[in-house]
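Heads up, upload.pdb below (PDB, C-alpha atoms):
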```
ATOM      1  CA  MET Z   1     137.539  44.814 248.087
ATOM      2  CA  SER Z   2     133.876  45.559 247.363
ATOM      3  CA  LEU Z   3     132.832  43.042 250.024
ATOM      4  CA  GLN Z   4     135.135  44.605 252.597
ATOM      5  CA  ARG Z   5     133.933  48.127 251.710
ATOM      6  CA  GLY Z   6     130.314  46.984 252.115
ATOM      7  CA  LEU Z   7     131.035  45.537 255.527
ATOM      8  CA  GLN Z   8     132.654  48.764 256.662
ATOM      9  CA  ASP Z   9     129.699  50.865 255.515
ATOM     10  CA  ARG Z  10     127.257  48.603 257.293
ATOM     11  CA  GLY Z  11     129.294  48.774 260.439
ATOM     12  CA  GLU Z  12     129.306  52.572 260.470
ATOM     13  CA  GLU Z  13     125.531  52.732 259.995
ATOM     14  CA  GLU Z  14     124.872  50.373 262.889
ATOM     15  CA  GLY Z  15     127.164  52.253 265.224
ATOM     16  CA  PRO Z  16     129.583  50.853 267.836
ATOM     17  CA  PRO Z  17     128.777  47.599 269.544
ATOM     18  CA  ASP Z  18     126.492  47.695 272.577
ATOM     19  CA  SER Z  19     128.568  47.440 275.708
ATOM     20  CA  GLY Z  20     125.533  46.898 277.833
ATOM     21  CA  GLY Z  21     125.273  43.257 276.926
ATOM     22  CA  LEU Z  22     125.688  40.446 279.392
ATOM     23  CA  ASP Z  23     128.841  38.614 280.015
ATOM     24  CA  GLY Z  24     129.965  35.354 278.527
ATOM     25  CA  ASN Z  25     127.244  33.343 280.186
ATOM     26  CA  GLY Z  26     125.055  33.772 277.034
ATOM     27  CA  GLU Z  27     122.571  36.248 278.436
ATOM     28  CA  GLY Z  28     121.577  39.263 276.369
ATOM     29  CA  PRO Z  29     122.637  40.341 272.797
ATOM     30  CA  SER Z  30     126.125  39.508 271.664
ATOM     31  CA  THR Z  31     128.587  41.590 269.621
ATOM     32  CA  GLY Z  32     129.491  38.542 267.483
ATOM     33  CA  MET Z  33     125.866  38.062 266.478
ATOM     34  CA  ARG Z  34     125.613  41.652 265.213
ATOM     35  CA  VAL Z  35     128.743  41.222 263.067
ATOM     36  CA  VAL Z  36     127.331  38.093 261.428
ATOM     37  CA  ARG Z  37     124.096  39.900 260.586
ATOM     38  CA  VAL Z  38     125.911  42.856 259.079
ATOM     39  CA  SER Z  39     128.117  40.598 256.944
ATOM     40  CA  SER Z  40     125.105  38.772 255.502
ATOM     41  CA  ASP Z  41     123.401  42.011 254.438
ATOM     42  CA  ALA Z  42     126.525  43.353 252.800
ATOM     43  CA  LEU Z  43     127.107  40.089 250.969
ATOM     44  CA  CYS Z  44     123.549  40.070 249.624
ATOM     45  CA  GLY Z  45     123.915  43.647 248.356
ATOM     46  CA  CYS Z  46     127.188  42.907 246.587
ATOM     47  CA  ILE Z  47     125.822  39.770 244.949
ATOM     48  CA  SER Z  48     122.722  41.655 243.765
ATOM     49  CA  ALA Z  49     124.845  44.419 242.204
ATOM     50  CA  ARG Z  50     127.127  41.885 240.495
ATOM     51  CA  LEU Z  51     124.150  40.014 239.058
ATOM     52  CA  GLN Z  52     122.772  43.245 237.617
ATOM     53  CA  ARG Z  53     126.148  44.023 236.008
ATOM     54  CA  ASP Z  54     126.410  40.527 234.509
ATOM     55  CA  SER Z  55     122.867  40.769 233.185
ATOM     56  CA  SER Z  56     123.629  44.078 231.415
ATOM     57  CA  GLN Z  57     126.818  42.624 229.897
ATOM     58  CA  ARG Z  58     124.964  39.576 228.632
ATOM     59  CA  HIS Z  59     122.361  41.852 227.108
ATOM     60  CA  PHE Z  60     125.022  43.891 225.230
ATOM     61  CA  PHE Z  61     127.585  41.340 223.994
ATOM     62  CA  PRO Z  62     125.563  38.388 222.612
ATOM     63  CA  PRO Z  63     124.567  40.158 219.355
ATOM     64  CA  LEU Z  64     128.212  40.928 218.657
ATOM     65  CA  LEU Z  65     129.252  37.382 219.363
ATOM     66  CA  SER Z  66     126.394  36.042 217.251
ATOM     67  CA  HIS Z  67     127.298  38.309 214.336
ATOM     68  CA  SER Z  68     130.960  37.292 214.488
ATOM     69  CA  GLY Z  69     130.059  33.632 214.624
ATOM     70  CA  SER Z  70     127.740  34.069 211.658
ATOM     71  CA  ASN Z  71     130.584  35.582 209.578
ATOM     72  CA  VAL Z  72     132.942  32.773 210.453
ATOM     73  CA  ARG Z  73     130.305  30.162 209.654
ATOM     74  CA  SER Z  74     129.457  31.860 206.338
ATOM     75  CA  ARG Z  75     133.117  31.989 205.345
ATOM     76  CA  MET Z  76     133.626  28.351 206.232
ATOM     77  CA  GLU Z  77     130.644  27.433 204.044
ATOM     78  CA  THR Z  78     131.876  29.572 201.106
ATOM     79  CA  LYS Z  79     135.488  28.394 201.065
ATOM     80  CA  PRO Z  80     134.739  24.910 199.604
ATOM     81  CA  VAL Z  81     132.700  26.556 196.821
ATOM     82  CA  ILE Z  82     135.621  28.843 195.956
ATOM     83  CA  THR Z  83     138.028  25.899 195.988
ATOM     84  CA  CYS Z  84     135.761  23.925 193.644
ATOM     85  CA  LEU Z  85     135.402  26.864 191.223
ATOM     86  CA  LYS Z  86     139.155  27.423 191.241
ATOM     87  CA  THR Z  87     139.800  23.780 190.423
ATOM     88  CA  LEU Z  88     137.338  23.802 187.525
ATOM     89  CA  LEU Z  89     138.705  27.078 186.143
ATOM     90  CA  ILE Z  90     142.315  25.857 186.326
ATOM     91  CA  VAL Z  91     141.351  22.702 184.416
ATOM     92  CA  TYR Z  92     139.501  24.793 181.841
ATOM     93  CA  SER Z  93     142.439  27.207 181.479
ATOM     94  CA  PHE Z  94     144.769  24.264 180.902
ATOM     95  CA  VAL Z  95     142.494  22.919 178.138
ATOM     96  CA  PHE Z  96     142.269  26.440 176.698
ATOM     97  CA  TRP Z  97     146.066  26.632 176.713
ATOM     98  CA  ILE Z  98     146.253  23.312 174.839
ATOM     99  CA  THR Z  99     143.833  24.729 172.238
ATOM    100  CA  GLY Z 100     146.189  27.646 171.687
ATOM    101  CA  ALA Z 101     149.135  25.286 171.297
ATOM    102  CA  ILE Z 102     147.176  23.280 168.678
ATOM    103  CA  LEU Z 103     146.333  26.440 166.737
ATOM    104  CA  LEU Z 104     149.964  27.488 166.833
ATOM    105  CA  ALA Z 105     151.080  24.071 165.548
ATOM    106  CA  VAL Z 106     148.427  24.082 162.800
ATOM    107  CA  GLY Z 107     149.493  27.555 161.721
ATOM    108  CA  ILE Z 108     153.142  26.553 161.468
ATOM    109  CA  TRP Z 109     152.243  23.302 159.696
ATOM    110  CA  GLY Z 110     149.942  25.161 157.295
ATOM    111  CA  LYS Z 111     152.633  27.658 156.437
ATOM    112  CA  VAL Z 112     155.220  24.940 155.800
ATOM    113  CA  MET Z 113     153.125  22.143 154.284
ATOM    114  CA  LEU Z 114     149.929  23.717 152.938
ATOM    115  CA  GLY Z 115     151.414  26.735 151.214
ATOM    116  CA  PRO Z 116     150.666  25.391 147.716
ATOM    117  CA  TYR Z 117     147.037  24.582 148.585
ATOM    118  CA  ILE Z 118     146.484  27.984 150.163
ATOM    119  CA  SER Z 119     147.984  29.793 147.172
ATOM    120  CA  LEU Z 120     145.490  28.038 144.891
ATOM    121  CA  ILE Z 121     142.447  28.685 147.090
ATOM    122  CA  ALA Z 122     143.058  32.419 147.509
ATOM    123  CA  ASP Z 123     143.274  34.984 144.726
ATOM    124  CA  ASN Z 124     146.232  36.689 146.339
ATOM    125  CA  SER Z 125     148.735  35.718 148.962
ATOM    126  CA  THR Z 126     146.853  34.925 152.160
ATOM    127  CA  ASN Z 127     147.885  35.489 155.762
ATOM    128  CA  SER Z 128     145.800  32.638 157.175
ATOM    129  CA  PRO Z 129     148.787  30.724 158.623
ATOM    130  CA  TYR Z 130     150.029  33.892 160.304
ATOM    131  CA  VAL Z 131     146.563  34.523 161.724
ATOM    132  CA  LEU Z 132     146.537  31.025 163.225
ATOM    133  CA  ILE Z 133     150.050  31.459 164.598
ATOM    134  CA  GLY Z 134     149.182  34.819 166.156
ATOM    135  CA  THR Z 135     145.882  33.565 167.573
ATOM    136  CA  GLY Z 136     147.522  30.478 169.050
ATOM    137  CA  THR Z 137     150.253  32.550 170.679
ATOM    138  CA  VAL Z 138     147.752  34.968 172.243
ATOM    139  CA  ILE Z 139     145.624  32.079 173.541
ATOM    140  CA  ILE Z 140     148.689  30.433 175.092
ATOM    141  CA  VAL Z 141     149.595  33.681 176.883
ATOM    142  CA  PHE Z 142     146.069  34.272 178.172
ATOM    143  CA  GLY Z 143     145.693  30.621 179.132
ATOM    144  CA  LEU Z 144     148.689  31.003 181.428
ATOM    145  CA  PHE Z 145     147.261  34.312 182.643
ATOM    146  CA  GLY Z 146     143.977  32.568 183.456
ATOM    147  CA  CYS Z 147     145.776  29.941 185.550
ATOM    148  CA  PHE Z 148     147.702  32.660 187.403
ATOM    149  CA  ALA Z 149     144.581  34.762 188.001
ATOM    150  CA  THR Z 150     142.726  31.719 189.329
ATOM    151  CA  CYS Z 151     145.501  30.709 191.710
ATOM    152  CA  ARG Z 152     145.955  34.315 192.825
ATOM    153  CA  GLY Z 153     142.235  34.759 193.426
ATOM    154  CA  SER Z 154     142.256  38.331 192.093
ATOM    155  CA  PRO Z 155     138.785  39.563 191.076
ATOM    156  CA  TRP Z 156     140.015  42.119 188.517
ATOM    157  CA  MET Z 157     142.297  39.537 186.872
ATOM    158  CA  LEU Z 158     139.406  37.103 186.631
ATOM    159  CA  LYS Z 159     137.200  39.788 185.053
ATOM    160  CA  LEU Z 160     139.924  40.568 182.514
ATOM    161  CA  TYR Z 161     140.222  36.859 181.724
ATOM    162  CA  ALA Z 162     136.453  36.603 181.234
ATOM    163  CA  MET Z 163     136.559  39.636 178.922
ATOM    164  CA  PHE Z 164     139.251  38.009 176.785
ATOM    165  CA  LEU Z 165     137.243  34.783 176.582
ATOM    166  CA  SER Z 166     134.237  36.766 175.385
ATOM    167  CA  LEU Z 167     136.340  38.331 172.601
ATOM    168  CA  VAL Z 168     137.630  34.907 171.557
ATOM    169  CA  PHE Z 169     134.071  33.579 171.566
ATOM    170  CA  LEU Z 170     132.854  36.371 169.278
ATOM    171  CA  ALA Z 171     135.819  35.980 166.909
ATOM    172  CA  GLU Z 172     135.366  32.207 166.592
ATOM    173  CA  LEU Z 173     131.613  32.588 166.154
ATOM    174  CA  VAL Z 174     132.053  35.134 163.355
ATOM    175  CA  ALA Z 175     134.717  32.985 161.670
ATOM    176  CA  GLY Z 176     132.551  29.860 161.823
ATOM    177  CA  ILE Z 177     129.462  31.605 160.468
ATOM    178  CA  SER Z 178     131.473  33.318 157.725
ATOM    179  CA  GLY Z 179     133.089  30.070 156.609
ATOM    180  CA  PHE Z 180     129.759  28.258 156.507
ATOM    181  CA  VAL Z 181     127.868  31.045 154.717
ATOM    182  CA  PHE Z 182     130.575  31.852 152.177
ATOM    183  CA  ARG Z 183     131.650  28.275 151.457
ATOM    184  CA  HIS Z 184     130.296  28.567 147.902
ATOM    185  CA  GLU Z 185     132.433  31.654 147.335
ATOM    186  CA  ILE Z 186     135.451  29.687 148.547
ATOM    187  CA  LYS Z 187     134.646  26.982 145.989
ATOM    188  CA  GLY Z 188     134.266  29.593 143.257
ATOM    189  CA  THR Z 189     137.595  31.188 144.161
ATOM    190  CA  PHE Z 190     139.335  27.813 144.109
ATOM    191  CA  HIS Z 191     137.830  27.003 140.681
ATOM    192  CA  ARG Z 192     138.961  30.303 139.232
ATOM    193  CA  THR Z 193     142.508  30.278 140.625
ATOM    194  CA  TYR Z 194     143.106  26.606 139.813
ATOM    195  CA  THR Z 195     141.821  27.000 136.267
ATOM    196  CA  ASP Z 196     144.136  29.990 135.733
ATOM    197  CA  ALA Z 197     147.060  28.022 137.161
ATOM    198  CA  VAL Z 198     146.389  25.110 134.761
ATOM    199  CA  LEU Z 199     145.977  27.303 131.688
ATOM    200  CA  ASN Z 200     149.146  29.290 132.467
ATOM    201  CA  TYR Z 201     151.196  26.346 133.702
ATOM    202  CA  ASN Z 202     154.936  26.488 132.931
ATOM    203  CA  ALA Z 203     156.383  24.075 135.517
ATOM    204  CA  GLU Z 204     158.556  26.845 136.989
ATOM    205  CA  ASP Z 205     156.595  29.476 138.908
ATOM    206  CA  GLU Z 206     154.976  29.079 142.338
ATOM    207  CA  ALA Z 207     151.478  28.448 140.975
ATOM    208  CA  SER Z 208     152.776  25.684 138.681
ATOM    209  CA  ARG Z 209     154.615  24.014 141.543
ATOM    210  CA  ALA Z 210     151.415  24.228 143.599
ATOM    211  CA  VAL Z 211     149.487  22.484 140.816
ATOM    212  CA  ASP Z 212     152.076  19.697 140.634
ATOM    213  CA  TYR Z 213     152.019  19.267 144.397
ATOM    214  CA  LEU Z 214     148.218  19.149 144.484
ATOM    215  CA  GLN Z 215     147.909  16.626 141.632
ATOM    216  CA  HIS Z 216     150.627  14.366 142.950
ATOM    217  CA  THR Z 217     149.350  14.412 146.557
ATOM    218  CA  LEU Z 218     145.633  14.032 145.834
ATOM    219  CA  ARG Z 219     146.149  11.754 142.795
ATOM    220  CA  CYS Z 220     144.072  13.882 140.476
ATOM    221  CA  CYS Z 221     144.635  15.568 137.127
ATOM    222  CA  GLY Z 222     143.347  18.848 135.716
ATOM    223  CA  VAL Z 223     140.338  20.857 136.821
ATOM    224  CA  TYR Z 224     137.618  18.378 135.872
ATOM    225  CA  ASN Z 225     139.811  15.639 134.310
ATOM    226  CA  TYR Z 226     142.992  15.295 132.266
ATOM    227  CA  THR Z 227     141.361  16.952 129.244
ATOM    228  CA  SER Z 228     141.591  20.300 131.083
ATOM    229  CA  TRP Z 229     145.254  20.349 130.061
ATOM    230  CA  PHE Z 230     144.483  20.430 126.360
ATOM    231  CA  GLY Z 231     143.894  24.184 126.558
ATOM    232  CA  SER Z 232     147.037  24.888 128.533
ATOM    233  CA  VAL Z 233     149.983  26.788 127.021
ATOM    234  CA  TYR Z 234     152.170  23.973 128.290
ATOM    235  CA  TYR Z 235     150.422  21.136 126.423
ATOM    236  CA  PRO Z 236     151.370  21.784 122.754
ATOM    237  CA  SER Z 237     155.092  21.426 123.426
ATOM    238  CA  ASN Z 238     155.229  19.268 126.540
ATOM    239  CA  GLY Z 239     151.893  17.501 126.855
ATOM    240  CA  ILE Z 240     150.274  16.695 130.215
ATOM    241  CA  PRO Z 241     152.504  17.326 133.259
ATOM    242  CA  ALA Z 242     154.197  14.308 134.793
ATOM    243  CA  SER Z 243     152.470  15.021 138.121
ATOM    244  CA  CYS Z 244     149.329  13.459 136.621
ATOM    245  CA  CYS Z 245     150.955  10.071 136.034
ATOM    246  CA  PHE Z 246     150.128   6.895 137.962
ATOM    247  CA  ASN Z 247     153.763   5.880 137.829
ATOM    248  CA  SER Z 248     156.274   8.561 137.000
ATOM    249  CA  SER Z 249     158.842   5.999 135.822
ATOM    250  CA  ASP Z 250     156.379   4.677 133.217
ATOM    251  CA  CYS Z 251     155.388   8.113 131.863
ATOM    252  CA  LYS Z 252     157.383   9.175 128.814
ATOM    253  CA  PRO Z 253     157.143  12.721 127.394
ATOM    254  CA  GLU Z 254     155.926  11.434 124.024
ATOM    255  CA  ASP Z 255     153.162   9.443 125.774
ATOM    256  CA  LEU Z 256     152.000  12.536 127.641
ATOM    257  CA  ARG Z 257     151.800  14.518 124.383
ATOM    258  CA  ASN Z 258     149.521  11.859 122.867
ATOM    259  CA  ALA Z 259     145.984  12.113 124.230
ATOM    260  CA  THR Z 260     145.188   8.484 123.380
ATOM    261  CA  LEU Z 261     148.267   7.044 125.107
ATOM    262  CA  ALA Z 262     148.022   9.451 128.043
ATOM    263  CA  LEU Z 263     144.555   8.117 128.828
ATOM    264  CA  ASN Z 264     146.134   4.961 130.286
ATOM    265  CA  LYS Z 265     148.950   6.789 132.058
ATOM    266  CA  VAL Z 266     147.299   9.561 134.053
ATOM    267  CA  TYR Z 267     144.633   9.986 136.747
ATOM    268  CA  HIS Z 268     141.096  10.466 135.479
ATOM    269  CA  GLN Z 269     139.503  12.339 138.378
ATOM    270  CA  GLY Z 270     139.715  16.130 138.379
ATOM    271  CA  CYS Z 271     141.193  17.996 141.330
ATOM    272  CA  TYR Z 272     138.357  20.527 141.608
ATOM    273  CA  GLU Z 273     135.735  17.842 142.116
ATOM    274  CA  LEU Z 274     137.926  16.047 144.651
ATOM    275  CA  VAL Z 275     138.591  19.146 146.751
ATOM    276  CA  THR Z 276     135.033  20.491 146.665
ATOM    277  CA  SER Z 277     133.508  17.103 147.513
ATOM    278  CA  PHE Z 278     135.829  16.899 150.504
ATOM    279  CA  MET Z 279     134.722  20.378 151.588
ATOM    280  CA  GLU Z 280     131.041  19.534 151.236
ATOM    281  CA  THR Z 281     131.399  16.239 153.086
ATOM    282  CA  ASN Z 282     133.347  17.638 156.011
ATOM    283  CA  MET Z 283     131.859  21.129 156.194
ATOM    284  CA  ALA Z 284     129.291  20.059 158.785
ATOM    285  CA  ILE Z 285     132.027  18.485 160.936
ATOM    286  CA  ILE Z 286     134.257  21.541 160.587
ATOM    287  CA  ALA Z 287     131.391  23.883 161.463
ATOM    288  CA  GLY Z 288     130.385  21.725 164.427
ATOM    289  CA  VAL Z 289     133.914  21.671 165.815
ATOM    290  CA  THR Z 290     134.254  25.423 165.318
ATOM    291  CA  PHE Z 291     130.975  26.222 167.074
ATOM    292  CA  GLY Z 292     131.752  23.710 169.831
ATOM    293  CA  ILE Z 293     135.080  25.361 170.556
ATOM    294  CA  ALA Z 294     133.441  28.792 170.411
ATOM    295  CA  PHE Z 295     130.659  27.937 172.863
ATOM    296  CA  SER Z 296     133.148  26.275 175.211
ATOM    297  CA  GLN Z 297     134.407  29.797 175.923
ATOM    298  CA  LEU Z 298     131.069  30.468 177.621
ATOM    299  CA  ILE Z 299     131.952  27.900 180.285
ATOM    300  CA  GLY Z 300     135.196  29.704 181.070
ATOM    301  CA  MET Z 301     133.419  33.075 181.124
ATOM    302  CA  LEU Z 302     130.790  31.743 183.538
ATOM    303  CA  LEU Z 303     133.371  30.191 185.875
ATOM    304  CA  ALA Z 304     135.558  33.300 185.900
ATOM    305  CA  CYS Z 305     132.627  35.668 186.562
ATOM    306  CA  CYS Z 306     131.167  33.477 189.329
ATOM    307  CA  LEU Z 307     134.524  33.086 191.060
ATOM    308  CA  SER Z 308     135.225  36.817 190.853
ATOM    309  CA  ARG Z 309     131.822  37.672 192.288
ATOM    310  CA  ILE Z 310     132.071  35.207 195.177
ATOM    311  CA  ILE Z 311     135.593  36.355 196.069
ATOM    312  CA  THR Z 312     134.507  39.995 195.997
ATOM    313  CA  ALA Z 313     131.425  39.316 198.115
ATOM    314  CA  ASN Z 314     133.325  37.365 200.761
ATOM    315  CA  GLN Z 315     136.565  39.358 200.607
ATOM    316  CA  TYR Z 316     138.433  36.117 200.160
ATOM    317  CA  GLU Z 317     141.791  36.316 198.419
ATOM    318  CA  MET Z 318     144.567  33.772 198.594
ATOM    319  CA  VAL Z 319     147.991  35.408 198.852
TER     320      VAL Z 319
END
```
Could you take the file, read its structure, and then write that structure out as structure tokens?
Amino acid sequence: MSLQRGLQDRGEEEGPPDSGGLDGNGEGPSTGMRVVRVSSDALCGCISARLQRDSSQRHFFPPLLSHSGSNVRSRMETKPVITCLKTLLIVYSFVFWITGAILLAVGIWGKVMLGPYISLIADNSTNSPYVLIGTGTVIIVFGLFGCFATCRGSPWMLKLYAMFLSLVFLAELVAGISGFVFRHEIKGTFHRTYTDAVLNYNAEDEASRAVDYLQHTLRCCGVYNYTSWFGSVYYPSNGIPASCCFNSSDCKPEDLRNATLALNKVYHQGCYELVTSFMETNMAIIAGVTFGIAFSQLIGMLLACCLSRIITANQYEMV
């Protein structure tokens, strides 16, 4: 249409064809020649205008296209990083969940099996098994939450998960330092409570049953040795408890009331020395494991914070 309009304008400017030309013998100017000249001029004008329009469009659009391409390229480069961080955080959350399950199992086992030991170590009834059970349950719940937050790719969920890991890290760090610093107080408490349990032994109450369980399981007798029972209220009438015997079928009550005969029937090592030597030997291992687990929370915190920041910066969220 623009080409046709240009031809019409050119034709009006030139005026009507000259009728004074010669006939078909080729002499003089021809009407057909004028039409060809007019068409060439109009075509050149239209092409020039179109080139100017294309040049202006190329000048305006390339920055937009370049910016869009840069965003797409940046997102394609970031997506593998996000996938890698998600994989690592899911693996970490699974290990964290297993840690919670172990704490839960240890708490239940401690409540069922280690009740006598715990009652002798603490002055009063302790809630340590319940603390382990509660801590393990909370870690299991937040471990599952961490897996969900990672798969969901939600920045605020990841920040909440990192905050919880920081609280767990601080709690474990304080517990480890407290146990290591106050280990001598733990030994002193055990000495005091176990001595009281031996002196007031009657073979019926909870403390007496705890003493029997401890001596039979650890193969020890008394606080320092079997002579610790000589001051007990139980010894004058009953002698040394049967839980101190090598072989319960070979221990007779009259033998246990005779200090000379009991020497060959009972264990010689005291329970206090056995327990405290075990604590001293394994305290470094226990502290190392505790601090190792505590500082492992820093890895989860770092992964969660990095993933949240990258997702927020790139507005990338998997639905």
Show me, as JSON, the centre and edge lengths in Å to one decimal of the axis-aligned box that covers every listed atom of stretch 103-110 of chain Z with 4 Å on each side.
```
{"center_x": 149.7, "center_y": 25.4, "center_z": 162.1, "size_x": 14.8, "size_y": 12.3, "size_z": 17.5}
```
Practice prompt. Tell me which of Z:Ala284, Z:Val266, Z:Cys306, Z:Ile177 sits closest to Z:Ser248, counting all atoms listed in the file.
Written response: Z:Val266
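The space between atom CA of Z:Leu160 and atom CA of Z:Thr99 spans 19.3 Å.
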Item to complete: Could you state which residues are captured by the PyMOL selection byres ((chain Z and resi 241) around 12) in this file, as a ChimeraX atom specification?
Response: /Z:198,201-204,208-209,211-213,215-216,220-222,226-230,232-240,242-246,248,251-257,262,265-267
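Nearest to Z:Gly176 of all the residues Z:Val289, Z:Leu263, Z:Val131, Z:Val106 is Z:Val289, counting all atoms listed in the file.
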Item to complete: Find the residues around stretch 81-96 of chain Z up to 7 Å (only C-alpha atoms counted), leave out those fewer than 2 positions away in its own chain, and share them as a PyMOL selection string.
Response: chain Z and resi 78-79+98-100+143+146-147+150+300+303-304+307
Worksheet entry | Explicit residues for the PyMOL selection byres ((chain Z and resi 291) around 10) (as JSON, numbers by chain) | {"Z": [169, 172, 173, 174, 175, 176, 177, 285, 286, 287, 288, 289, 290, 292, 293, 294, 295, 296]}
Worksheet entry | Nearest to Z:Arg183 by atom-to-atom distance, counting only C-alpha atoms, from Z:Met279, Z:Met301, Z:Ile140, Z:Ala259 | Z:Met279
Worksheet item: What does the distance between atom CA of Z:Met113 and atom CA of Z:Ala210 come to in Å, to one decimal place?
Response: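 Answer for the atom CA of Z:Met113 to atom CA of Z:Ala210 separation: 11.0 Å.
Applied to the file shown here, the PyMOL selection byres ((chain Z and resi 191) around 12) selects the residues Leu120, Ile121, Ala122, Asp123, His184, Glu185, Ile186, Lys187, Gly188, Thr189, Phe190, Arg192, Thr193, Tyr194, Thr195, Asp196, Ala197, Val198, Gly222, Val223, Tyr224, Gly270, Cys271, Tyr272, Glu273, Leu274, Val275 and Thr276 of chain Z.
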Discussion item. So the first atom is atom CA of Z:Phe278 and the second is atom CA of Z:Leu103; what is the distance between them in Å, to one decimal place?
Written reply: 21.6 Å
Practice prompt. Dump as a PyMOL selection string all residues having an atom at most 9 Å from (138.3, 37.7, 184.2), computed in the file's coordinates with only C-alpha atoms.
Written response: chain Z and resi 146+149+154-165+301+304-305+308
